[in-house]
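Engineer: What follows is run.txt, made up of compact mmCIF, C-alpha atoms:
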# COMPACT_ATOMS: atom_id res chain seq x y z
CA MET A 1 46.00 -121.46 28.79
CA GLY A 2 47.52 -124.04 26.42
CA ILE A 3 46.54 -127.68 25.86
CA ALA A 4 49.15 -128.92 28.36
CA ASP A 5 47.60 -126.77 31.07
CA ASP A 6 44.15 -128.04 30.12
CA VAL A 7 45.33 -131.65 30.40
CA ARG A 8 46.86 -131.01 33.83
CA ALA A 9 43.74 -129.25 35.02
CA ALA A 10 41.40 -132.03 33.86
CA TRP A 11 43.49 -135.14 34.50
CA GLY A 12 46.27 -134.17 36.89
CA VAL A 13 44.12 -134.84 39.95
CA ALA A 14 44.82 -137.13 42.86
CA ALA A 15 41.99 -139.58 42.01
CA LEU A 16 43.62 -140.33 38.63
CA ARG A 17 47.21 -140.56 39.88
CA GLY A 18 47.12 -144.35 40.13
CA LEU A 19 45.79 -144.70 36.58
CA TRP A 20 48.58 -142.64 35.07
CA GLU A 21 51.33 -144.26 37.16
CA GLN A 22 50.19 -147.77 36.21
CA ALA A 23 49.87 -146.75 32.56
CA ARG A 24 53.45 -145.40 32.55
CA GLU A 25 54.75 -148.58 34.17
CA ALA A 26 53.03 -150.62 31.45
CA LEU A 27 54.37 -148.51 28.56
CA GLU A 28 57.92 -148.41 29.93
CA SER A 29 58.09 -152.13 30.69
CA PRO A 30 60.57 -154.15 28.57
CA LYS A 31 57.69 -156.55 27.97
CA PRO A 32 54.62 -154.27 27.78
CA PRO A 33 51.52 -155.99 29.17
CA ALA A 34 48.24 -155.78 27.33
CA THR A 35 46.41 -154.91 30.55
CA PHE A 36 47.17 -153.81 34.09
CA ARG A 37 45.36 -154.04 37.41
CA LEU A 38 44.11 -150.75 38.83
CA GLU A 39 42.86 -150.21 42.36
CA LEU A 40 39.86 -147.90 42.77
CA PRO A 41 39.89 -146.92 46.45
CA ASP A 42 36.84 -144.65 46.51
CA ALA A 43 33.82 -143.41 44.59
CA GLU A 44 35.71 -140.39 43.22
CA ALA A 45 38.37 -142.63 41.66
CA GLN A 46 35.68 -144.88 40.20
CA ARG A 47 33.86 -141.91 38.68
CA LEU A 48 36.88 -140.17 37.17
CA VAL A 49 38.56 -143.33 35.84
CA GLY A 50 35.25 -144.33 34.30
CA GLU A 51 34.96 -140.95 32.58
CA VAL A 52 38.46 -141.22 31.13
CA TYR A 53 38.18 -144.89 30.12
CA GLY A 54 34.68 -144.61 28.71
CA ARG A 55 32.78 -147.12 30.83
CA PRO A 56 31.37 -147.18 34.37
CA MET A 57 33.71 -148.50 37.06
CA LEU A 58 32.20 -150.67 39.78
CA GLY A 59 33.95 -152.17 42.78
CA ARG A 60 37.37 -151.55 44.25
CA GLY A 61 39.48 -152.64 41.30
CA THR A 62 39.46 -153.38 37.59
CA ARG A 63 41.69 -154.37 34.69
CA ILE A 64 42.59 -151.65 32.22
CA SER A 65 43.49 -152.40 28.60
CA VAL A 66 46.48 -150.29 27.56
CA SER A 67 45.28 -150.06 23.95
CA LYS A 68 41.73 -149.14 24.97
CA LEU A 69 43.04 -146.49 27.34
CA ASP A 70 45.13 -145.04 24.50
CA ASP A 71 42.06 -145.05 22.22
CA ALA A 72 40.02 -143.35 24.97
CA VAL A 73 42.43 -140.46 25.53
CA ARG A 74 42.92 -140.02 21.78
CA GLY A 75 39.17 -139.74 21.41
CA SER A 76 38.92 -137.11 24.11
CA ARG A 77 38.72 -133.36 23.49
CA PHE A 78 42.51 -133.19 23.79
CA GLY A 79 43.18 -135.66 20.96
CA LEU A 80 46.52 -136.78 22.44
CA GLY A 81 47.93 -140.28 22.68
CA LEU A 82 48.54 -141.94 26.03
CA ALA A 83 52.32 -141.39 25.91
CA GLU A 84 51.79 -137.69 25.17
CA VAL A 85 49.37 -137.33 28.09
CA LEU A 86 51.82 -139.02 30.46
CA GLU A 87 54.66 -136.77 29.32
CA ILE A 88 52.54 -133.72 30.13
CA LEU A 89 51.36 -135.00 33.50
CA HIS A 90 54.73 -136.35 34.68
CA GLU A 91 56.89 -133.79 32.86
CA ARG A 92 59.12 -136.45 31.34
CA PRO A 93 58.84 -138.61 28.21
CA VAL A 94 57.82 -142.26 28.19
CA VAL A 95 60.92 -144.38 27.53
CA GLN A 96 60.60 -148.13 27.27
CA ARG A 97 63.19 -149.99 29.32
CA GLU A 98 65.34 -152.38 27.31
CA SER A 99 65.67 -156.05 28.06
CA SER A 100 68.85 -157.87 27.25
CA SER A 101 69.07 -159.89 24.06
CA ARG A 102 70.09 -162.86 26.15
CA ASP A 103 66.93 -162.60 28.25
CA GLU A 104 64.78 -162.40 25.14
CA GLN A 105 66.41 -165.44 23.57
CA ARG A 106 65.95 -167.40 26.77
CA GLU A 107 62.25 -166.49 26.89
CA LEU A 108 61.72 -167.55 23.28
CA GLU A 109 63.63 -170.83 23.47
CA PRO A 110 60.68 -173.07 24.51
CA LEU A 111 58.64 -171.69 21.61
CA ARG A 112 61.47 -172.05 19.11
CA ALA A 113 62.22 -175.61 20.21
CA ALA A 114 58.57 -176.62 19.89
CA LEU A 115 58.31 -175.13 16.40
CA VAL A 116 61.53 -176.86 15.31
CA ALA A 117 60.19 -180.19 16.54
CA HIS A 118 57.18 -179.86 14.22
CA GLY A 119 58.99 -178.33 11.24
CA LEU A 120 57.38 -174.91 11.68
CA ALA A 121 60.33 -172.75 12.73
CA GLU A 122 61.03 -171.46 9.20
CA THR A 123 57.47 -170.34 8.42
CA GLY A 124 56.86 -166.68 7.81
CA TRP A 125 54.60 -166.35 10.84
CA ALA A 126 56.91 -168.04 13.37
CA VAL A 127 59.03 -165.05 14.46
CA PRO A 128 56.18 -162.50 14.78
CA TRP A 129 54.14 -165.13 16.64
CA MET A 130 56.93 -165.75 19.16
CA GLN A 131 57.40 -162.01 19.64
CA TRP A 132 53.67 -161.57 20.19
CA ILE A 133 53.59 -164.30 22.83
CA ARG A 134 56.59 -162.77 24.61
CA GLN A 135 55.04 -159.30 24.69
CA TYR A 136 51.29 -159.83 24.78
CA GLY A 137 50.53 -163.54 25.10
CA ARG A 138 50.01 -163.47 28.88
CA VAL A 139 51.57 -166.92 29.30
CA ALA A 140 53.28 -167.53 32.63
CA ALA A 141 56.94 -168.54 32.38
CA ASP A 142 56.35 -171.86 34.16
CA GLU A 143 53.49 -172.70 31.77
CA LEU A 144 55.24 -171.66 28.56
CA PRO A 145 57.05 -174.95 27.74
CA ALA A 146 53.85 -177.00 27.93
CA ILE A 147 51.82 -174.38 26.04
CA ALA A 148 54.53 -174.18 23.39
CA ARG A 149 54.56 -177.95 22.83
CA SER A 150 50.77 -178.19 22.63
CA ALA A 151 50.45 -175.11 20.38
CA ALA A 152 53.09 -176.35 17.94
CA GLY A 153 51.42 -179.75 17.81
CA VAL A 154 48.01 -178.25 17.09
CA LEU A 155 49.43 -175.84 14.51
CA SER A 156 51.14 -178.69 12.67
CA ALA A 157 47.69 -180.26 12.18
CA LEU A 158 46.04 -177.10 10.79
CA ALA A 159 45.70 -175.93 7.19
CA LEU A 160 47.80 -172.78 7.50
CA ASP A 161 49.03 -172.45 3.91
CA ARG A 162 46.37 -174.26 1.92
CA ALA A 163 42.65 -174.96 1.72
CA PRO A 164 41.54 -177.70 4.14
CA ALA A 165 41.65 -181.18 2.66
CA ALA A 166 39.69 -182.68 5.57
CA TRP A 167 37.85 -181.50 8.67
CA VAL A 168 38.35 -182.28 12.33
CA SER A 169 36.29 -181.11 15.30
CA ARG A 170 38.00 -178.81 17.76
CA GLY A 171 37.41 -181.16 20.67
CA GLU A 172 38.94 -184.11 18.83
CA LEU A 173 41.94 -182.04 17.82
CA ALA A 174 42.47 -180.88 21.40
CA ALA A 175 42.15 -184.45 22.69
CA ARG A 176 45.13 -185.50 20.58
CA PHE A 177 47.25 -183.30 22.83
CA GLY A 178 45.67 -184.13 26.17
CA ASP A 179 42.56 -182.26 27.31
CA PRO A 180 39.61 -182.17 24.85
CA HIS A 181 38.59 -178.76 26.25
CA GLN A 182 41.95 -176.99 26.05
CA LEU A 183 41.06 -175.35 22.71
CA ASP A 184 37.69 -174.04 23.90
CA SER A 185 37.18 -170.30 23.49
CA GLY A 186 38.94 -168.28 26.17
CA THR A 187 41.69 -170.77 26.95
CA THR A 188 45.35 -169.80 26.70
CA LEU A 189 46.06 -172.48 24.12
CA SER A 190 43.16 -171.38 21.93
CA ARG A 191 44.31 -167.77 22.08
CA VAL A 192 47.92 -168.44 21.07
CA VAL A 193 46.96 -170.94 18.35
CA LEU A 194 44.47 -168.54 16.77
CA LYS A 195 47.08 -165.76 16.81
CA ALA A 196 49.44 -167.98 14.80
CA ALA A 197 46.60 -168.93 12.44
CA ALA A 198 45.73 -165.26 11.88
CA LEU A 199 49.36 -164.43 11.09
CA ALA A 200 49.66 -167.41 8.75
CA HIS A 201 46.53 -166.46 6.81
CA GLY A 202 47.29 -162.73 6.83
CA VAL A 203 44.10 -161.71 8.64
CA GLU A 204 43.32 -159.74 11.78
CA SER A 205 43.15 -161.63 15.06
CA PRO A 206 39.53 -162.63 15.74
CA GLY A 207 37.68 -160.36 18.12
CA ASN A 208 34.44 -162.26 18.65
CA GLU A 209 33.03 -165.77 18.51
CA ARG A 210 31.87 -165.47 14.90
CA GLU A 211 35.35 -164.45 13.78
CA ARG A 212 36.95 -167.20 15.85
CA ARG A 213 34.67 -169.79 14.24
CA ALA A 214 35.52 -168.49 10.77
CA LEU A 215 39.26 -168.68 11.43
CA TRP A 216 39.04 -172.20 12.86
CA GLU A 217 37.09 -173.31 9.79
CA ARG A 218 39.61 -171.64 7.49
CA CYS A 219 42.20 -173.91 9.11
CA GLY A 220 40.09 -177.07 8.69
CA VAL A 221 38.59 -177.19 12.21
CA THR A 222 34.90 -177.32 13.06
CA LEU A 223 33.78 -176.26 16.52
CA ASP A 224 32.04 -179.62 16.88
CA ALA A 225 30.86 -182.53 14.76
CA VAL A 226 27.10 -182.01 15.09
CA SER A 227 26.03 -178.34 14.90
CA ALA A 228 26.88 -177.71 11.23
CA SER A 229 24.69 -179.57 8.74
CA VAL A 230 23.90 -179.76 5.06
CA LEU A 231 20.39 -180.30 3.67
CA THR A 232 20.01 -183.11 1.14
CA TRP A 233 17.23 -184.72 -0.86
CA ALA A 234 16.96 -187.98 -2.79
CA LEU A 235 20.64 -188.86 -2.79
CA PRO A 236 20.84 -192.13 -4.79
CA LEU A 237 22.97 -193.96 -2.23
CA VAL A 238 24.34 -197.28 -3.45
CA GLY A 239 25.10 -198.97 -0.13
CA ALA A 240 23.10 -201.79 1.42
CA ASP A 241 24.21 -200.76 4.93
CA SER A 242 21.86 -199.40 7.58
CA TRP A 243 23.13 -195.82 7.17
CA SER A 244 22.34 -195.74 3.44
CA CYS A 245 19.03 -197.53 3.97
CA GLY A 246 18.05 -194.99 6.61
CA VAL A 247 18.68 -192.01 4.34
CA ARG A 248 16.89 -193.69 1.41
CA GLN A 249 13.94 -194.48 3.67
CA ARG A 250 13.57 -190.80 4.58
CA SER A 251 13.47 -189.94 0.88
CA ALA A 252 10.89 -192.66 0.28
CA ILE A 253 8.49 -191.07 2.77
CA GLY A 254 9.13 -187.56 1.40
CA LEU A 255 11.58 -186.23 3.96
CA PRO A 256 14.91 -184.51 3.28
CA THR A 257 17.94 -185.33 5.42
CA HIS A 258 20.25 -183.02 7.34
CA LEU A 259 23.74 -184.51 7.40
CA THR A 260 26.36 -183.52 9.98
CA HIS A 261 30.08 -184.27 10.15
CA LEU A 262 29.19 -187.11 12.49
CA ASP A 263 26.83 -188.51 9.85
CA LEU A 264 29.51 -188.36 7.17
CA ARG A 265 31.96 -190.20 9.40
CA ALA A 266 29.44 -192.99 9.85
CA ALA A 267 28.64 -193.11 6.14
CA PRO A 268 29.91 -195.99 3.97
CA ALA A 269 33.05 -195.65 1.88
CA ARG A 270 31.04 -194.99 -1.30
CA LEU A 271 27.90 -192.87 -1.49
CA VAL A 272 26.90 -192.69 -5.18
CA GLU A 273 27.79 -194.15 -8.55
CA PRO A 274 30.24 -192.28 -10.82
CA GLY A 275 28.44 -189.96 -13.21
CA THR A 276 25.57 -189.23 -10.83
CA ALA A 277 24.19 -185.74 -11.53
CA VAL A 278 23.61 -183.79 -8.30
CA ALA A 279 21.90 -180.40 -8.22
CA VAL A 280 23.44 -177.92 -5.79
CA CYS A 281 21.26 -174.94 -4.88
CA GLU A 282 21.65 -171.99 -2.57
CA SER A 283 18.10 -171.57 -1.27
CA PRO A 284 16.24 -174.22 0.79
CA ARG A 285 13.11 -173.18 -1.11
CA VAL A 286 14.41 -174.97 -4.22
CA LEU A 287 14.93 -178.23 -2.34
CA GLU A 288 11.63 -177.86 -0.50
CA SER A 289 9.76 -177.43 -3.80
CA ALA A 290 11.42 -180.52 -5.24
CA VAL A 291 10.32 -182.50 -2.18
CA GLN A 292 6.76 -181.16 -2.30
CA GLU A 293 6.40 -181.97 -5.99
CA GLY A 294 7.89 -185.44 -5.61
CA ILE A 295 10.83 -184.71 -7.94
CA GLU A 296 13.35 -187.43 -7.17
CA HIS A 297 16.40 -185.72 -8.60
CA PRO A 298 19.22 -185.55 -6.00
CA VAL A 299 19.65 -182.08 -4.52
CA VAL A 300 22.15 -180.64 -2.05
CA CYS A 301 21.29 -177.24 -0.57
CA VAL A 302 24.20 -175.17 0.77
CA SER A 303 21.87 -172.58 2.37
CA GLY A 304 23.97 -169.57 1.49
CA HIS A 305 27.69 -169.79 2.10
CA PRO A 306 28.53 -173.51 2.35
CA THR A 307 29.17 -174.89 5.82
CA THR A 308 32.17 -177.08 6.50
CA VAL A 309 30.00 -180.19 6.31
CA ALA A 310 28.49 -179.04 2.99
CA LEU A 311 32.00 -178.70 1.57
CA ALA A 312 32.95 -182.10 2.97
CA LEU A 313 29.92 -183.73 1.30
CA LEU A 314 30.62 -182.03 -2.03
CA ASP A 315 34.25 -183.13 -1.78
CA ARG A 316 33.13 -186.73 -1.35
CA LEU A 317 30.63 -186.59 -4.18
CA THR A 318 33.19 -185.06 -6.53
CA THR A 319 35.83 -187.60 -5.55
CA GLU A 320 33.36 -190.41 -6.27
CA GLY A 321 32.78 -189.08 -9.79
CA ALA A 322 29.48 -187.29 -9.32
CA THR A 323 28.78 -184.25 -11.50
CA LEU A 324 27.68 -181.17 -9.58
CA HIS A 325 25.33 -178.64 -11.22
CA HIS A 326 25.17 -175.43 -9.18
CA HIS A 327 22.63 -172.63 -9.23
CA GLY A 328 22.58 -169.68 -6.83
CA ASP A 329 21.33 -166.16 -6.45
CA PHE A 330 22.32 -163.62 -9.07
CA ASP A 331 24.00 -161.30 -6.58
CA TRP A 332 27.68 -160.80 -5.82
CA ALA A 333 27.57 -163.09 -2.79
CA GLY A 334 25.95 -165.77 -4.92
CA ILE A 335 28.56 -165.25 -7.62
CA GLY A 336 31.28 -165.69 -5.01
CA ILE A 337 29.79 -169.01 -3.95
CA ALA A 338 29.40 -170.11 -7.58
CA ARG A 339 33.02 -169.25 -8.34
CA ALA A 340 34.32 -171.16 -5.32
CA LEU A 341 32.31 -174.28 -6.23
CA TRP A 342 33.33 -173.97 -9.89
CA GLU A 343 37.02 -173.64 -9.01
CA HIS A 344 37.31 -176.14 -6.16
CA HIS A 345 34.58 -178.71 -6.84
CA ARG A 346 34.30 -178.50 -10.64
CA ALA A 347 30.62 -177.62 -10.24
CA ARG A 348 28.99 -176.80 -13.57
CA PRO A 349 27.08 -173.49 -13.56
CA TRP A 350 23.40 -174.37 -13.90
CA ARG A 351 21.30 -171.60 -15.48
CA MET A 352 23.99 -169.12 -14.39
CA SER A 353 24.84 -167.53 -17.76
CA ALA A 354 24.32 -163.99 -18.99
CA ALA A 355 21.40 -165.23 -21.08
CA ASP A 356 19.83 -166.83 -18.01
CA TYR A 357 20.22 -163.61 -16.04
CA ARG A 358 18.63 -161.60 -18.86
CA GLU A 359 15.76 -164.09 -19.04
CA ALA A 360 15.24 -163.76 -15.28
CA LEU A 361 15.13 -159.97 -15.54
CA ASP A 362 12.57 -160.17 -18.33
CA ARG A 363 10.44 -162.64 -16.37
CA ALA A 364 10.49 -160.40 -13.30
CA ALA A 365 9.44 -157.43 -15.43
CA ALA A 366 6.61 -159.41 -17.01
CA ASP A 367 5.41 -160.59 -13.60
CA ARG A 368 5.88 -157.10 -12.12
CA THR A 369 8.26 -158.52 -9.52
CA ASP A 370 10.36 -155.92 -7.76
CA LEU A 371 14.01 -156.91 -7.74
CA PRO A 372 16.41 -155.60 -5.08
CA ASN A 373 19.36 -153.43 -5.99
CA LEU A 374 22.65 -155.21 -6.62
CA VAL A 375 25.08 -154.17 -3.88
CA GLY A 376 28.69 -154.97 -3.08
CA ALA A 377 31.86 -155.28 -5.11
CA ALA A 378 31.54 -156.85 -8.55
CA LEU A 379 33.18 -160.23 -9.18
CA GLU A 380 34.31 -161.82 -12.41
CA THR A 381 32.36 -164.76 -13.81
CA PRO A 382 35.02 -166.77 -15.65
CA TRP A 383 32.55 -169.38 -16.96
CA ASP A 384 30.72 -166.54 -18.77
CA PRO A 385 32.47 -163.13 -18.60
CA ALA A 386 29.40 -161.44 -20.09
CA LEU A 387 27.40 -162.30 -16.97
CA ALA A 388 29.40 -160.03 -14.65
CA GLU A 389 29.21 -157.20 -17.17
CA LEU A 390 25.45 -157.55 -17.58
CA MET A 391 24.86 -157.77 -13.82
CA SER A 392 26.91 -154.61 -13.27
CA THR A 393 24.90 -152.82 -15.95
CA ALA A 394 21.44 -153.99 -14.86
CA ALA A 395 22.33 -153.59 -11.15
CA ARG A 396 19.52 -155.88 -9.99
CA ALA A 397 19.78 -158.99 -7.85
CA VAL A 398 17.76 -162.07 -8.77
CA GLU A 399 17.08 -164.60 -6.04
CA GLU A 400 16.57 -168.27 -6.85
CA GLU A 401 12.86 -168.13 -6.03
CA VAL A 402 12.31 -165.85 -9.05
CA VAL A 403 13.48 -168.58 -11.44
CA LEU A 404 12.15 -171.50 -9.41
CA PRO A 405 9.82 -172.82 -12.19
CA SER A 406 12.76 -173.18 -14.59
CA LEU A 407 14.90 -174.93 -11.98
CA LEU A 408 12.13 -177.42 -11.15
CA ALA A 409 11.57 -178.11 -14.85
CA ASP A 410 15.27 -178.96 -15.19
CA LEU A 411 15.11 -181.26 -12.18
CA ARG A 412 12.11 -183.08 -13.62
CA ALA A 413 13.89 -183.57 -16.93
CA GLY A 414 17.18 -184.53 -15.28
CA LEU A 415 20.25 -182.34 -15.28
CA THR A 416 22.25 -184.70 -17.43
CA ALA A 417 19.87 -183.73 -20.24
CA ALA A 418 19.36 -180.08 -19.30
CA GLY A 419 21.58 -177.24 -20.33
CA THR A 420 23.64 -175.26 -17.83
Output the file's structure as structure tokens, nothing else.
Structural biologist:
Amino acid sequence: MGIADDVRAAWGVAALRGLWEQAREALESPKPPATFRLELPDAEAQRLVGEVYGRPMLGRGTRISVSKLDDAVRGSRFGLGLAEVLEILHERPVVQRESSSRDEQRELEPLRAALVAHGLAETGWAVPWMQWIRQYGRVAADELPAIARSAAGVLSALALDRAPAAWVSRGELAARFGDPHQLDSGTTLSRVVLKAAALAHGVESPGNERERRALWERCGVTLDAVSASVLTWALPLVGADSWSCGVRQRSAIGLPTHLTHLDLRAAPARLVEPGTAVAVCESPRVLESAVQEGIEHPVVCVSGHPTTVALALLDRLTTEGATLHHHGDFDWAGIGIARALWEHHRARPWRMSAADYREALDRAAADRTDLPNLVGAALETPWDPALAELMSTAARAVEEEVVLPSLLADLRAGLTAAGT
């Protein structure tokens, strides 16, 4: 018995007939839907559909993802795609029905008009985005004009072809176009806007909340104005206003300050004097030690990869003429952060040379400190090309805590006088 006979024997049963008929209707549709509704009339249908689809089926109906169904049958013992299975079961090939060019143009017109109104119609992502909405966007025809206008408006406010120059909260952005909640996760507008953003940035569409947050932030949008924060210590604020006095008072009693986007909006026009030296570290342990030892040198801690508010604060400090001195972990993630701050914020590498790395290795060996293996793809270190070469050769990561005494000594002396 051949594979076709095996497929018919296993899947050509009455309880699965509805699944295969609905799947064929979806694949042959001129505008293939991403999902279809499947009725499950009895326990046998629930059991067998669940076995094919790869998850338990409960209740009398469910929605089936066409792509997940295709993945499920491909991963079965038969190893055939969905269209191949349907051809075997129905004894005829799957042929997608054609829609007229006129119908397609009519469907796309609200989207095209909205993009033209905002100067976005000639972008490289415009045509594939419109095609995606027509085929998979799940936007009702009567809702499309309003969705198109709102989406084009939002997209015109995003950083789609450049690094963000400023940040806006998602709720505030949505409020500009009506409802402050219309860009919340799960909404139609959020889904179609993020698809355009993914196409514009050349990345995959986000599949979970973490990926959605990252894509919003890549476009200059924070999910809110209060959850992201940046840890600061002893910023020498020059203002006599209550905001500046409040931050200085926290420093005076030995407390660091977490600043949010909301804090930065309330801050005065100028924070520090030109030429102010600000230490930027990766680990909170560096800032904590400076606080505990009463070192009054200004420190900004990015706590790993900088948050949007950390970048906004560093932007302001750089614009006001402050000099940033950055130190991070000697691992490839830390090098990536150092490179980004060096390139975009003119941050001077602080004890981040090949000689500093060698000294850290020697200190760890003398102290019998076990260093973790260096993992990940190597990155260039343009401020000192020898550093990347030495790190690749030594293959050991050095966290900031290992060199903490040297960093604190620099802070005590003042980074304007210390070497980098």
Engineer: What's the separation between atom CA of Leu223 of chain A and atom CA of Arg316 of chain A, in Å to one decimal place?
Structural biologist: 20.7 Å
Engineer: Padding 6 Å on each side, edges along x, y and z: where is the centre of the box around the listed atoms of segment 219-231 of chain A, and how long are its edges in Å to one decimal? Output it as JSON.
Structural biologist:
{"center_x": 31.3, "center_y": -178.2, "center_z": 10.3, "size_x": 33.8, "size_y": 20.6, "size_z": 25.2}
Engineer: Tell me which of A:Arg210, A:Glu401, A:Ala166, A:Pro284 sits closest to Leu314 of chain A, counting only C-alpha atoms.
Structural biologist: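 Nearest to Leu314 of chain A: A:Ala166.
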Engineer: Name the closest residue to Leu271 of chain A among the candidates A:His201, A:Leu317, A:Ala228, A:Pro298; distances are taken between atoms, counting all atoms listed in the file.
Structural biologist: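 With all atoms listed in the file as the atom set, the closest residue is A:Leu317.
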Engineer: Could you check which residues have any atom within 7 Å of (60.1, -149.4, 29.9), counting only C-alpha atoms with coordinates taken straight from the file, and then list them as a PyMOL selection string?
Structural biologist: chain A and resi 25+27-30+95-98
Engineer: Could you check which of A:Val402, A:Ala151, A:Val193, A:Val13 is closest to Phe177 of chain A, using all atoms listed in the file?
Structural biologist: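 Among the listed residues, the smallest separation from Phe177 of chain A belongs to A:Ala151.
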Engineer: Please compute the atom CA of Asp410 of chain A-atom CA of Arg351 of chain A distance, one decimal, in Å.
Structural biologist: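 Separation of atom CA of Asp410 of chain A and atom CA of Arg351 of chain A: 9.5 Å.
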Engineer: Applying 12 Å and all atoms listed in the file, which residues near Ala214 of chain A remain after dropping the ones on its own chain fewer than 2 positions away? List them as a PyMOL selection string.
Structural biologist: chain A and resi 194+197-198+201+203-212+216-223+305+307-308
Engineer: Export C-alpha atoms of the chosen residues as an mmCIF file, in the frame of the given file?
Structural biologist:
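Output file selection.cif follows:
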data_model
loop_
_atom_site.group_PDB
_atom_site.id
_atom_site.type_symbol
_atom_site.label_atom_id
_atom_site.label_comp_id
_atom_site.auth_asym_id
_atom_site.auth_seq_id
_atom_site.Cartn_x
_atom_site.Cartn_y
_atom_site.Cartn_z
ATOM 1 C CA LEU A 194 44.470 -168.540 16.770
ATOM 2 C CA ALA A 197 46.600 -168.930 12.440
ATOM 3 C CA ALA A 198 45.730 -165.260 11.880
ATOM 4 C CA HIS A 201 46.530 -166.460 6.810
ATOM 5 C CA VAL A 203 44.100 -161.710 8.640
ATOM 6 C CA GLU A 204 43.320 -159.740 11.780
ATOM 7 C CA SER A 205 43.150 -161.630 15.060
ATOM 8 C CA PRO A 206 39.530 -162.630 15.740
ATOM 9 C CA GLY A 207 37.680 -160.360 18.120
ATOM 10 C CA ASN A 208 34.440 -162.260 18.650
ATOM 11 C CA GLU A 209 33.030 -165.770 18.510
ATOM 12 C CA ARG A 210 31.870 -165.470 14.900
ATOM 13 C CA GLU A 211 35.350 -164.450 13.780
ATOM 14 C CA ARG A 212 36.950 -167.200 15.850
ATOM 15 C CA TRP A 216 39.040 -172.200 12.860
ATOM 16 C CA GLU A 217 37.090 -173.310 9.790
ATOM 17 C CA ARG A 218 39.610 -171.640 7.490
ATOM 18 C CA CYS A 219 42.200 -173.910 9.110
ATOM 19 C CA GLY A 220 40.090 -177.070 8.690
ATOM 20 C CA VAL A 221 38.590 -177.190 12.210
ATOM 21 C CA THR A 222 34.900 -177.320 13.060
ATOM 22 C CA LEU A 223 33.780 -176.260 16.520
ATOM 23 C CA HIS A 305 27.690 -169.790 2.100
ATOM 24 C CA THR A 307 29.170 -174.890 5.820
ATOM 25 C CA THR A 308 32.170 -177.080 6.500
#
Engineer: Determine the nearest neighbour of Ala409 of chain A from the options A:Ala290, A:Ala121, A:Ala43, A:Leu19, counting all atoms listed in the file.
Structural biologist: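 Of A:Ala290, A:Ala121, A:Ala43, A:Leu19, the one nearest Ala409 of chain A, counting all atoms listed in the file, is A:Ala290.
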Engineer: In Å, how far is it from atom CA of Arg37 of chain A to atom CA of Thr62 of chain A?
Structural biologist: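 Atom CA of Thr62 of chain A lies 5.9 Å from atom CA of Arg37 of chain A.
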Engineer: Which residues, protein or nucleic acid, reach to within 10 Å of (55.5, -172.8, 26.4) in the file's coordinates when using only C-alpha atoms, and can you give that as a ChimeraX atom specification?
Structural biologist: /A:107-114,133,139-152,189
Engineer: Neighbours of segment 338-345 of chain A within 8 Å (only C-alpha atoms; same-chain residues fewer than 4 positions away dropped), as a PyMOL selection string?
Structural biologist: chain A and resi 314-315+318+324+326-328+334+349+381-382
Engineer: Mind dumping the selected residues with C-alpha atoms as an mmCIF file, keeping the file's coordinate frame?
Structural biologist:
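Output below, filename again-v6.cif:
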data_model
loop_
_atom_site.group_PDB
_atom_site.id
_atom_site.type_symbol
_atom_site.label_atom_id
_atom_site.label_comp_id
_atom_site.auth_asym_id
_atom_site.auth_seq_id
_atom_site.Cartn_x
_atom_site.Cartn_y
_atom_site.Cartn_z
ATOM 1 C CA LEU A 314 30.620 -182.030 -2.030
ATOM 2 C CA ASP A 315 34.250 -183.130 -1.780
ATOM 3 C CA THR A 318 33.190 -185.060 -6.530
ATOM 4 C CA LEU A 324 27.680 -181.170 -9.580
ATOM 5 C CA HIS A 326 25.170 -175.430 -9.180
ATOM 6 C CA HIS A 327 22.630 -172.630 -9.230
ATOM 7 C CA GLY A 328 22.580 -169.680 -6.830
ATOM 8 C CA GLY A 334 25.950 -165.770 -4.920
ATOM 9 C CA PRO A 349 27.080 -173.490 -13.560
ATOM 10 C CA THR A 381 32.360 -164.760 -13.810
ATOM 11 C CA PRO A 382 35.020 -166.770 -15.650
#
Engineer: Can you work out which one of A:Thr232, A:Thr187, A:Ser283, A:Asn373 has the shortest atom-to-atom distance to Ala310 of chain A, counting only C-alpha atoms?
Structural biologist: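 For Ala310 of chain A, the nearest of the candidates is A:Thr232.
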Engineer: Identify which of the residues A:Ala347, A:Ala175, A:Leu80, A:Ala234 lies closest to Arg248 of chain A, counting only C-alpha atoms when measuring atom-to-atom distances.
Structural biologist: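 Closest candidate: A:Ala234.
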Engineer: Set the distance at 7 Å and use all atoms listed in the file: which residues neighbour Gln135 of chain A once local chain neighbours fewer than 2 positions away are removed? I'd like the list as a list in words.
Structural biologist: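 That gives Lys31, Pro32, Pro33, Gln131, Trp132, Ile133 and Gly137 of chain A.
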Engineer: Name the residues in contact with Leu183 of chain A at a cut-off of 8 Å, using all atoms listed in the file, excluding same-chain residues fewer than 5 positions from it; report them as a PDB file with C-alpha atoms, in the frame of the given file.
Structural biologist:
ATOM      1  CA  ARG A 170      38.000-178.810  17.760  1.00  0.00           C
ATOM      2  CA  GLY A 171      37.410-181.160  20.670  1.00  0.00           C
ATOM      3  CA  ALA A 174      42.470-180.880  21.400  1.00  0.00           C
ATOM      4  CA  LEU A 189      46.060-172.480  24.120  1.00  0.00           C
ATOM      5  CA  SER A 190      43.160-171.380  21.930  1.00  0.00           C
TER       6      SER A 190
END
Engineer: Which neighbours of segment 273-277 of chain A fall inside 8 Å, counting all atoms listed in the file, when residues of the same chain fewer than 5 positions from it are skipped, and could you give them as a list in words?
Structural biologist: Leu237, Val238, Pro298, Glu320, Gly321, Ala322, Thr323, Leu324, His325, Leu415 and Thr416 of chain A
